[in-house]
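Working notes, beginning with the structure itself.
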Amino acid sequence: MTSKKSRVILSIKRSYCLDCGWTASTELHSRRELSTLAIEHAVEHDHDIDSEIICNLSSIRPTIEHPDEAMLN
Ligand SMILES: [Zn+2]
């Protein structure tokens with residue numbers, strides 16, 4: 001019985017492509033969405049996706065572009 005209140009997430013996960021500039025993070029997506037987006041990108045473009053955990057929110061720029069997002073819909 002873990003009480004899940006609206007906990008502040010202090011770290012985000014960012015996935016990024018090693019072959020192009022694609023990136024997505026849990027800032028804008030849920031973790032499930034993020035992994036789905038990463039897999040879709042890897043499959044569609046045959047690219048390698050890596051990911052990292054970022055703990056310091058202040059170091060993250062708010063403007064993250066998602067050029068491929070429209071294509072995935
Ligand atoms: Zn890519």
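By order of appearance in the structure tokens: chains A, B, ..., then residues from 1 within every chain, and ligands from 1 in the order shown.
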
>> Env of His41 in chain A: 9 Å cut, atoms = only C-alpha atoms, seq-sep filter 4 positions within chain, self excluded. Answer as a PyMOL selection string.
In response: chain A and resi 17+22+36-37+45-49+68+72

Would you output that residue set with C-alpha atoms, as a PDB file, in the first residue's frame?
```pdb
ATOM      1  CA  CYS A  17      18.944   9.488 -31.161  1.00  0.00           C
ATOM      2  CA  TRP A  22      15.762  13.420 -32.378  1.00  0.00           C
ATOM      3  CA  THR A  36       7.050   4.223 -27.181  1.00  0.00           C
ATOM      4  CA  LEU A  37       8.296   7.272 -29.092  1.00  0.00           C
ATOM      5  CA  HIS A  45      14.345   5.248 -39.120  1.00  0.00           C
ATOM      6  CA  ASP A  46      16.574   2.318 -38.178  1.00  0.00           C
ATOM      7  CA  HIS A  47      18.418   4.552 -35.726  1.00  0.00           C
ATOM      8  CA  ASP A  48      19.984   3.838 -32.359  1.00  0.00           C
ATOM      9  CA  ILE A  49      18.333   5.428 -29.346  1.00  0.00           C
ATOM     10  CA  ASP A  68       9.206  13.900 -35.775  1.00  0.00           C
ATOM     11  CA  LEU A  72       4.195   9.689 -35.593  1.00  0.00           C
TER      12      LEU A  72
END
```

Near Ser25 in chain A, counting only C-alpha atoms, which residues have an atom at most 10 Å away, once you skip same-chain residues fewer than 5 positions from it, shown as a list in words?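 Here the qualifying residues turn out to be Ile12, Lys13, Arg14, Ser15, Tyr16, Ser30, Arg31, Glu33, Leu34, Ser35, Leu37, Ala38, Ser51, Glu52, Ile53, Ile54 and Ile64 of chain A.
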
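Going from atom 1 (Zn, counted along the ligand's line) of ligand 1 to CA of Ile39 in chain A covers 10.6 Å.
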
Between A:Cys55, A:Ala42, A:Leu10, A:Ala24, smallest distance to ligand 1 by only C-alpha atoms and all ligand atoms belongs to A:Ala42

*Within range 5-48 of chain A, find each residue whose DSSP state, derived from the backbone, is alpha helix (DSSP H), and express the selection as number ranges by chain.*
A: 31-45
